[in-house]
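Asks: File follows, final-v8.pdb with PDB, C-alpha atoms, pLDDT in the B column:
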ATOM      1  CA  LYS A1007      -0.762 -20.598  -8.409  1.00 71.00           C
ATOM      2  CA  VAL A1008      -0.553 -17.407 -10.470  1.00 71.00           C
ATOM      3  CA  ASP A1009       1.065 -17.746 -13.877  1.00 74.00           C
ATOM      4  CA  LYS A1010       3.409 -14.975 -15.055  1.00 75.00           C
ATOM      5  CA  SER A1011       1.248 -14.395 -18.123  1.00 77.00           C
ATOM      6  CA  GLU A1012      -1.649 -13.426 -15.827  1.00 82.00           C
ATOM      7  CA  ALA A1013       0.475 -10.608 -14.402  1.00 87.00           C
ATOM      8  CA  THR A1014       0.867  -8.855 -17.774  1.00 93.00           C
ATOM      9  CA  ILE A1015      -0.999  -5.537 -17.676  1.00 94.00           C
ATOM     10  CA  ASP A1016      -3.652  -5.066 -20.328  1.00 94.00           C
ATOM     11  CA  TRP A1017      -4.243  -1.315 -20.603  1.00 95.00           C
ATOM     12  CA  ARG A1018      -7.672  -2.027 -22.167  1.00 95.00           C
ATOM     13  CA  GLN A1019      -8.952  -3.011 -18.706  1.00 94.00           C
ATOM     14  CA  PRO A1020     -10.439  -0.412 -16.325  1.00 95.00           C
ATOM     15  CA  ALA A1021      -7.876   1.465 -14.216  1.00 95.00           C
ATOM     16  CA  ASP A1022      -9.358   0.281 -10.909  1.00 95.00           C
ATOM     17  CA  GLN A1023      -9.104  -3.353 -12.000  1.00 94.00           C
ATOM     18  CA  ILE A1024      -5.451  -2.925 -13.022  1.00 95.00           C
ATOM     19  CA  ALA A1025      -4.672  -1.212  -9.685  1.00 96.00           C
ATOM     20  CA  ARG A1026      -6.159  -4.182  -7.807  1.00 95.00           C
ATOM     21  CA  ARG A1027      -4.097  -6.623  -9.882  1.00 92.00           C
ATOM     22  CA  VAL A1028      -0.915  -4.638  -9.150  1.00 94.00           C
ATOM     23  CA  ARG A1029      -1.573  -4.998  -5.409  1.00 94.00           C
ATOM     24  CA  ALA A1030      -2.513  -8.683  -5.760  1.00 91.00           C
ATOM     25  CA  PHE A1031       0.683  -9.592  -7.630  1.00 90.00           C
ATOM     26  CA  ASP A1032       3.038  -7.997  -5.074  1.00 87.00           C
ATOM     27  CA  PRO A1033       5.440  -9.567  -4.114  1.00 87.00           C
ATOM     28  CA  ALA A1034       5.152 -12.324  -6.727  1.00 86.00           C
ATOM     29  CA  PRO A1035       5.054 -12.526  -9.667  1.00 88.00           C
ATOM     30  CA  GLY A1036       4.724  -8.725  -9.966  1.00 89.00           C
ATOM     31  CA  ALA A1037       2.501  -6.957 -12.519  1.00 94.00           C
ATOM     32  CA  SER A1038       4.417  -6.125 -15.692  1.00 94.00           C
ATOM     33  CA  PHE A1039       4.169  -4.295 -19.005  1.00 94.00           C
ATOM     34  CA  GLU A1040       6.409  -3.624 -21.983  1.00 92.00           C
ATOM     35  CA  CYS A1041       8.128  -0.267 -22.289  1.00 89.00           C
ATOM     36  CA  GLY A1042      10.862   0.464 -24.820  1.00 84.00           C
ATOM     37  CA  GLY A1043      11.496  -3.215 -25.518  1.00 88.00           C
ATOM     38  CA  GLU A1044      11.912  -4.058 -21.821  1.00 91.00           C
ATOM     39  CA  VAL A1045       9.524  -5.777 -19.447  1.00 93.00           C
ATOM     40  CA  VAL A1046       8.972  -3.345 -16.575  1.00 93.00           C
ATOM     41  CA  LYS A1047       7.400  -4.407 -13.289  1.00 96.00           C
ATOM     42  CA  LEU A1048       4.840  -2.155 -11.698  1.00 96.00           C
ATOM     43  CA  TRP A1049       4.697  -2.355  -7.890  1.00 96.00           C
ATOM     44  CA  GLN A1050       2.488   0.566  -6.932  1.00 95.00           C
ATOM     45  CA  ALA A1051      -0.178   2.527  -8.808  1.00 95.00           C
ATOM     46  CA  ALA A1052      -3.202   4.740  -8.156  1.00 95.00           C
ATOM     47  CA  VAL A1053      -6.348   5.364 -10.161  1.00 95.00           C
ATOM     48  CA  VAL A1054      -6.748   8.767 -11.819  1.00 92.00           C
ATOM     49  CA  PRO A1055     -10.470   9.222 -12.555  1.00 86.00           C
ATOM     50  CA  GLY A1056     -11.855  11.363 -15.335  1.00 83.00           C
ATOM     51  CA  GLN A1057      -9.068  10.741 -17.848  1.00 82.00           C
ATOM     52  CA  ALA A1058      -9.924   9.394 -21.291  1.00 81.00           C
ATOM     53  CA  ALA A1059      -7.618   8.439 -24.146  1.00 87.00           C
ATOM     54  CA  GLU A1060      -6.512   5.457 -26.186  1.00 92.00           C
ATOM     55  CA  PRO A1061      -5.579   2.605 -23.782  1.00 93.00           C
ATOM     56  CA  GLY A1062      -1.817   2.500 -23.243  1.00 93.00           C
ATOM     57  CA  ARG A1063      -1.284   6.176 -24.156  1.00 94.00           C
ATOM     58  CA  VAL A1064       1.133   7.931 -21.788  1.00 93.00           C
ATOM     59  CA  LEU A1065      -0.799  11.035 -20.740  1.00 93.00           C
ATOM     60  CA  ALA A1066       1.892  12.537 -18.508  1.00 90.00           C
ATOM     61  CA  ALA A1067       5.546  11.725 -17.875  1.00 89.00           C
ATOM     62  CA  ASP A1068       7.459  14.238 -15.811  1.00 84.00           C
ATOM     63  CA  ALA A1069       9.452  14.400 -12.585  1.00 78.00           C
ATOM     64  CA  GLN A1070       6.276  14.051 -10.521  1.00 79.00           C
ATOM     65  CA  GLN A1071       4.149  11.478 -12.326  1.00 87.00           C
ATOM     66  CA  LEU A1072       3.701   8.882 -15.035  1.00 92.00           C
ATOM     67  CA  VAL A1073       0.036   8.553 -16.049  1.00 94.00           C
ATOM     68  CA  VAL A1074      -1.194   5.921 -18.530  1.00 95.00           C
ATOM     69  CA  ALA A1075      -4.680   5.795 -20.051  1.00 95.00           C
ATOM     70  CA  CYS A1076      -6.684   2.623 -19.462  1.00 94.00           C
ATOM     71  CA  GLY A1077      -9.925   1.242 -20.863  1.00 92.00           C
ATOM     72  CA  ASP A1078     -11.775   3.295 -18.251  1.00 93.00           C
ATOM     73  CA  GLY A1079      -9.868   6.072 -16.472  1.00 93.00           C
ATOM     74  CA  ALA A1080      -6.116   6.235 -16.105  1.00 95.00           C
ATOM     75  CA  LEU A1081      -3.440   4.904 -13.806  1.00 96.00           C
ATOM     76  CA  ARG A1082      -0.684   6.889 -12.085  1.00 95.00           C
ATOM     77  CA  LEU A1083       2.358   4.607 -11.956  1.00 95.00           C
ATOM     78  CA  GLU A1084       4.275   5.196  -8.725  1.00 94.00           C
ATOM     79  CA  VAL A1085       6.899   2.470  -8.169  1.00 94.00           C
ATOM     80  CA  LEU A1086       8.531   0.626 -11.087  1.00 93.00           C
ATOM     81  CA  GLN A1087      11.403  -1.792 -11.663  1.00 94.00           C
ATOM     82  CA  ARG A1088      13.518  -2.305 -14.780  1.00 92.00           C
ATOM     83  CA  PRO A1089      14.933  -5.786 -15.503  1.00 92.00           C
ATOM     84  CA  GLY A1090      17.784  -6.567 -13.131  1.00 92.00           C
ATOM     85  CA  GLY A1091      17.224  -3.343 -11.209  1.00 92.00           C
ATOM     86  CA  LYS A1092      15.626  -2.399  -7.944  1.00 95.00           C
ATOM     87  CA  ARG A1093      12.235  -0.860  -7.264  1.00 95.00           C
ATOM     88  CA  LEU A1094      12.320   2.867  -8.004  1.00 93.00           C
ATOM     89  CA  PRO A1095       9.942   5.746  -7.425  1.00 93.00           C
ATOM     90  CA  VAL A1096       8.612   7.136 -10.701  1.00 92.00           C
ATOM     91  CA  ALA A1097      10.916  10.198 -10.658  1.00 90.00           C
ATOM     92  CA  ALA A1098      14.049   8.020 -10.573  1.00 91.00           C
ATOM     93  CA  PHE A1099      12.636   5.634 -13.184  1.00 89.00           C
ATOM     94  CA  LEU A1100      11.893   8.502 -15.587  1.00 89.00           C
ATOM     95  CA  GLN A1101      15.426   9.917 -15.305  1.00 86.00           C
ATOM     96  CA  ALA A1102      16.646   6.869 -17.215  1.00 79.00           C
ATOM     97  CA  ARG A1103      13.696   6.886 -19.634  1.00 78.00           C
ATOM     98  CA  PRO A1104      12.929  10.448 -20.808  1.00 76.00           C
ATOM     99  CA  GLY A1105      10.474  11.245 -23.576  1.00 77.00           C
ATOM    100  CA  LEU A1106       7.641   8.857 -22.709  1.00 82.00           C
ATOM    101  CA  ALA A1107       4.894  11.500 -22.793  1.00 82.00           C
ATOM    102  CA  GLY A1108       2.558  10.983 -25.735  1.00 84.00           C
ATOM    103  CA  GLN A1109       3.844   7.512 -26.557  1.00 89.00           C
ATOM    104  CA  THR A1110       1.597   4.472 -26.542  1.00 90.00           C
ATOM    105  CA  LEU A1111       2.678   1.409 -24.584  1.00 90.00           C
ATOM    106  CA  PRO A1112       2.182  -1.907 -26.390  1.00 89.00           C
ATOM    107  CA  LEU A1113      -0.981  -3.861 -25.604  1.00 90.00           C
ATOM    108  CA  PRO A1114      -0.781  -7.611 -25.001  1.00 88.00           C
ATOM    109  CA  PRO A1115      -2.433  -9.776 -27.648  1.00 84.00           C
ATOM    110  CA  LEU A1116      -6.113 -10.520 -27.113  1.00 78.00           C
ATOM    111  CA  THR A1117      -6.829 -14.022 -25.863  1.00 65.00           C
ATOM    112  CA  ALA A1118     -10.067 -15.962 -25.523  1.00 53.00           C
ATOM    113  CA  GLY A1119     -10.435 -14.656 -21.933  1.00 54.00           C
ATOM    114  CA  ASN A1120     -10.105 -10.947 -22.850  1.00 51.00           C
TER     115      ASN A1120
END
Could you rewrite the structure in this file as structure tokens?
Replies:
Amino acid sequence: KVDKSEATIDWRQPADQIARRVRAFDPAPGASFECGGEVVKLWQAAVVPGQAAEPGRVLAADAQQLVVACGDGALRLEVLQRPGGKRLPVAAFLQARPGLAGQTLPLPPLTAGN
């Protein structure tokens, strides 16, 4: 059985590994990360190769895309869900959360397994 803590996204991991975990945790428990004090579930993502920045840094946030830097590469977040809400395409999600570009998403604490 998968524990919810295993579904927390660690942006220090390579983008392709995070993308696989997102697919593996759909439909339950759902991969999640913290954004603006809320736990947001990520249901669909794609790897963006060739990007490099501090893990967790939001590289792009506009009507078309939300790209977050990972330990190796970056991830384009495509379908997200706020607490108590429904799954939304990135454009609809960003309408309620403007100004993410350039911010850094919190990283989970390092554990013995990281």
Asks: Find the spatial neighbours of Ala1037 of chain A, counting only C-alpha atoms, within a cut-off of 8 Å - ignore same-chain residues fewer than 2 positions away - and output them as a list in words.
Replies: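 Near neighbours after the sequence-gap exclusion: Ala1013, Thr1014, Ile1015, Arg1027, Val1028, Phe1031, Asp1032, Pro1035, Phe1039, Lys1047, Leu1048 and Trp1049 of chain A.
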Asks: Considering only C-alpha atoms, can you say which of A:Arg1082, A:Arg1088, A:Arg1018, A:Arg1063 comes closest to Gln1109 of chain A?
Replies: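 Among A:Arg1082, A:Arg1088, A:Arg1018, A:Arg1063, it is A:Arg1063 that comes nearest to Gln1109 of chain A.
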Asks: I'd like the neighbourhood of Val1085 of chain A as a ChimeraX atom specification, where a residue qualifies if any of its atoms comes within 9 Å (using only C-alpha atoms), though same-chain residues fewer than 3 positions away should be ignored.
Replies: /A:1047-1051,1093-1096,1099
Asks: Using atom CA of Gln1019 of chain A and atom CA of Pro1061 of chain A as the two end points, give the distance in Å to one decimal.
Replies: 8.3 Å
Asks: Output the residue selection produced by the PyMOL selection byres ((chain A and resi 1076) around 10) on the file above, formatted as a list in words.
Replies: Asp1016, Trp1017, Arg1018, Gln1019, Pro1020, Ala1021, Asp1022, Gln1023, Ile1024, Val1053, Val1054, Gln1057, Ala1058, Ala1059, Glu1060, Pro1061, Gly1062, Arg1063, Val1064, Val1073, Val1074, Ala1075, Gly1077, Asp1078, Gly1079, Ala1080 and Leu1081 of chain A
Asks: I'd like the interatomic distance between atom CA of Pro1115 of chain A and atom CA of Lys1092 of chain A, to a tenth of an Å.
Replies: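 Going from atom CA of Pro1115 of chain A over to atom CA of Lys1092 of chain A covers 27.7 Å.
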Asks: Between atom CA of Leu1065 of chain A and atom CA of Ala1098 of chain A, what is the spacing in Å?
Replies: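 Atom CA of Leu1065 of chain A lies 18.2 Å from atom CA of Ala1098 of chain A.
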Asks: Can you pull out the residues contacting Asp1068 of chain A? Cut-off 8 Å, using all atoms listed in the file, and skip same-chain residues under 6 positions away; I want them as a PDB file with C-alpha atoms, keeping the file's coordinate frame.
Replies:
ATOM      1  CA  ALA A1097      10.916  10.198 -10.658  1.00 90.00           C
ATOM      2  CA  LEU A1100      11.893   8.502 -15.587  1.00 89.00           C
ATOM      3  CA  ALA A1107       4.894  11.500 -22.793  1.00 82.00           C
TER       4      ALA A1107
END
Asks: Looking at A:Val1046, A:Gly1036, A:Pro1055, A:Arg1029, which one is nearest to Leu1086 of chain A, with distances taken over all atoms listed in the file?
Replies: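 With all atoms listed in the file as the atom set, the closest residue is A:Val1046.
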Asks: With only C-alpha atoms as the basis for distance, which of A:Ala1034, A:Leu1113, A:Cys1041, A:Leu1083 is at the shortest distance from Ala1067 of chain A?
Replies: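 Nearest candidate to Ala1067 of chain A out of A:Ala1034, A:Leu1113, A:Cys1041, A:Leu1083: A:Leu1083.
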Asks: Taking into account only C-alpha atoms, which residue in the set A:Gly1056, A:Gly1105, A:Gly1042, A:Pro1112 is nearest to Pro1089 of chain A?
Replies: A:Gly1042
Asks: Put segment 1040-1056 of chain A into a file with N, CA, C and O atoms, as a PDB file, in the first residue's frame.
Replies:
ATOM      1  N   GLU A1040       3.322  21.484  -2.163  1.00  0.00           N
ATOM      2  CA  GLU A1040       2.802  22.664  -1.502  1.00  0.00           C
ATOM      3  C   GLU A1040       2.961  23.878  -2.405  1.00  0.00           C
ATOM      4  O   GLU A1040       3.998  24.072  -3.034  1.00  0.00           O
ATOM      5  N   CYS A1041       1.910  24.687  -2.449  1.00  0.00           N
ATOM      6  CA  CYS A1041       1.926  25.897  -3.262  1.00  0.00           C
ATOM      7  C   CYS A1041       1.069  26.946  -2.558  1.00  0.00           C
ATOM      8  O   CYS A1041      -0.141  26.747  -2.407  1.00  0.00           O
ATOM      9  N   GLY A1042       1.676  28.010  -2.097  1.00  0.00           N
ATOM     10  CA  GLY A1042       0.920  29.071  -1.436  1.00  0.00           C
ATOM     11  C   GLY A1042       0.217  28.619  -0.179  1.00  0.00           C
ATOM     12  O   GLY A1042      -0.876  29.084   0.122  1.00  0.00           O
ATOM     13  N   GLY A1043       0.816  27.711   0.568  1.00  0.00           N
ATOM     14  CA  GLY A1043       0.223  27.236   1.816  1.00  0.00           C
ATOM     15  C   GLY A1043      -0.827  26.154   1.638  1.00  0.00           C
ATOM     16  O   GLY A1043      -1.401  25.696   2.618  1.00  0.00           O
ATOM     17  N   GLU A1044      -1.099  25.753   0.411  1.00  0.00           N
ATOM     18  CA  GLU A1044      -2.068  24.694   0.131  1.00  0.00           C
ATOM     19  C   GLU A1044      -1.344  23.472  -0.418  1.00  0.00           C
ATOM     20  O   GLU A1044      -0.300  23.587  -1.063  1.00  0.00           O
ATOM     21  N   VAL A1045      -1.931  22.310  -0.186  1.00  0.00           N
ATOM     22  CA  VAL A1045      -1.415  21.087  -0.796  1.00  0.00           C
ATOM     23  C   VAL A1045      -2.175  20.882  -2.096  1.00  0.00           C
ATOM     24  O   VAL A1045      -3.389  20.713  -2.101  1.00  0.00           O
ATOM     25  N   VAL A1046      -1.444  20.955  -3.207  1.00  0.00           N
ATOM     26  CA  VAL A1046      -2.027  20.841  -4.541  1.00  0.00           C
ATOM     27  C   VAL A1046      -1.688  19.470  -5.095  1.00  0.00           C
ATOM     28  O   VAL A1046      -0.556  19.009  -4.974  1.00  0.00           O
ATOM     29  N   LYS A1047      -2.681  18.807  -5.683  1.00  0.00           N
ATOM     30  CA  LYS A1047      -2.437  17.513  -6.318  1.00  0.00           C
ATOM     31  C   LYS A1047      -2.104  17.730  -7.783  1.00  0.00           C
ATOM     32  O   LYS A1047      -2.699  18.567  -8.454  1.00  0.00           O
ATOM     33  N   LEU A1048      -1.144  16.946  -8.238  1.00  0.00           N
ATOM     34  CA  LEU A1048      -0.716  17.005  -9.625  1.00  0.00           C
ATOM     35  C   LEU A1048      -1.122  15.699 -10.293  1.00  0.00           C
ATOM     36  O   LEU A1048      -0.710  14.625  -9.859  1.00  0.00           O
ATOM     37  N   TRP A1049      -1.951  15.787 -11.332  1.00  0.00           N
ATOM     38  CA  TRP A1049      -2.495  14.593 -11.986  1.00  0.00           C
ATOM     39  C   TRP A1049      -1.858  14.298 -13.329  1.00  0.00           C
ATOM     40  O   TRP A1049      -1.922  13.174 -13.810  1.00  0.00           O
ATOM     41  N   GLN A1050      -1.272  15.298 -13.957  1.00  0.00           N
ATOM     42  CA  GLN A1050      -0.675  15.065 -15.271  1.00  0.00           C
ATOM     43  C   GLN A1050       0.488  16.036 -15.453  1.00  0.00           C
ATOM     44  O   GLN A1050       0.364  17.221 -15.152  1.00  0.00           O
ATOM     45  N   ALA A1051       1.612  15.501 -15.946  1.00  0.00           N
ATOM     46  CA  ALA A1051       2.805  16.326 -16.151  1.00  0.00           C
ATOM     47  C   ALA A1051       3.636  15.732 -17.281  1.00  0.00           C
ATOM     48  O   ALA A1051       3.520  14.555 -17.593  1.00  0.00           O
ATOM     49  N   ALA A1052       4.491  16.571 -17.862  1.00  0.00           N
ATOM     50  CA  ALA A1052       5.382  16.133 -18.942  1.00  0.00           C
ATOM     51  C   ALA A1052       6.774  16.697 -18.695  1.00  0.00           C
ATOM     52  O   ALA A1052       6.928  17.814 -18.189  1.00  0.00           O
ATOM     53  N   VAL A1053       7.766  15.928 -19.067  1.00  0.00           N
ATOM     54  CA  VAL A1053       9.159  16.340 -18.904  1.00  0.00           C
ATOM     55  C   VAL A1053       9.519  17.396 -19.942  1.00  0.00           C
ATOM     56  O   VAL A1053       9.148  17.284 -21.105  1.00  0.00           O
ATOM     57  N   VAL A1054      10.248  18.425 -19.491  1.00  0.00           N
ATOM     58  CA  VAL A1054      10.777  19.458 -20.370  1.00  0.00           C
ATOM     59  C   VAL A1054      12.296  19.352 -20.276  1.00  0.00           C
ATOM     60  O   VAL A1054      12.894  19.816 -19.307  1.00  0.00           O
ATOM     61  N   PRO A1055      12.948  18.729 -21.259  1.00  0.00           N
ATOM     62  CA  PRO A1055      14.401  18.560 -21.184  1.00  0.00           C
ATOM     63  C   PRO A1055      15.145  19.865 -21.432  1.00  0.00           C
ATOM     64  O   PRO A1055      14.603  20.811 -22.006  1.00  0.00           O
ATOM     65  N   GLY A1056      16.388  19.896 -20.973  1.00  0.00           N
ATOM     66  CA  GLY A1056      17.249  21.033 -21.274  1.00  0.00           C
ATOM     67  C   GLY A1056      17.053  22.245 -20.392  1.00  0.00           C
ATOM     68  O   GLY A1056      17.670  23.273 -20.622  1.00  0.00           O
TER      69      GLY A1056
END
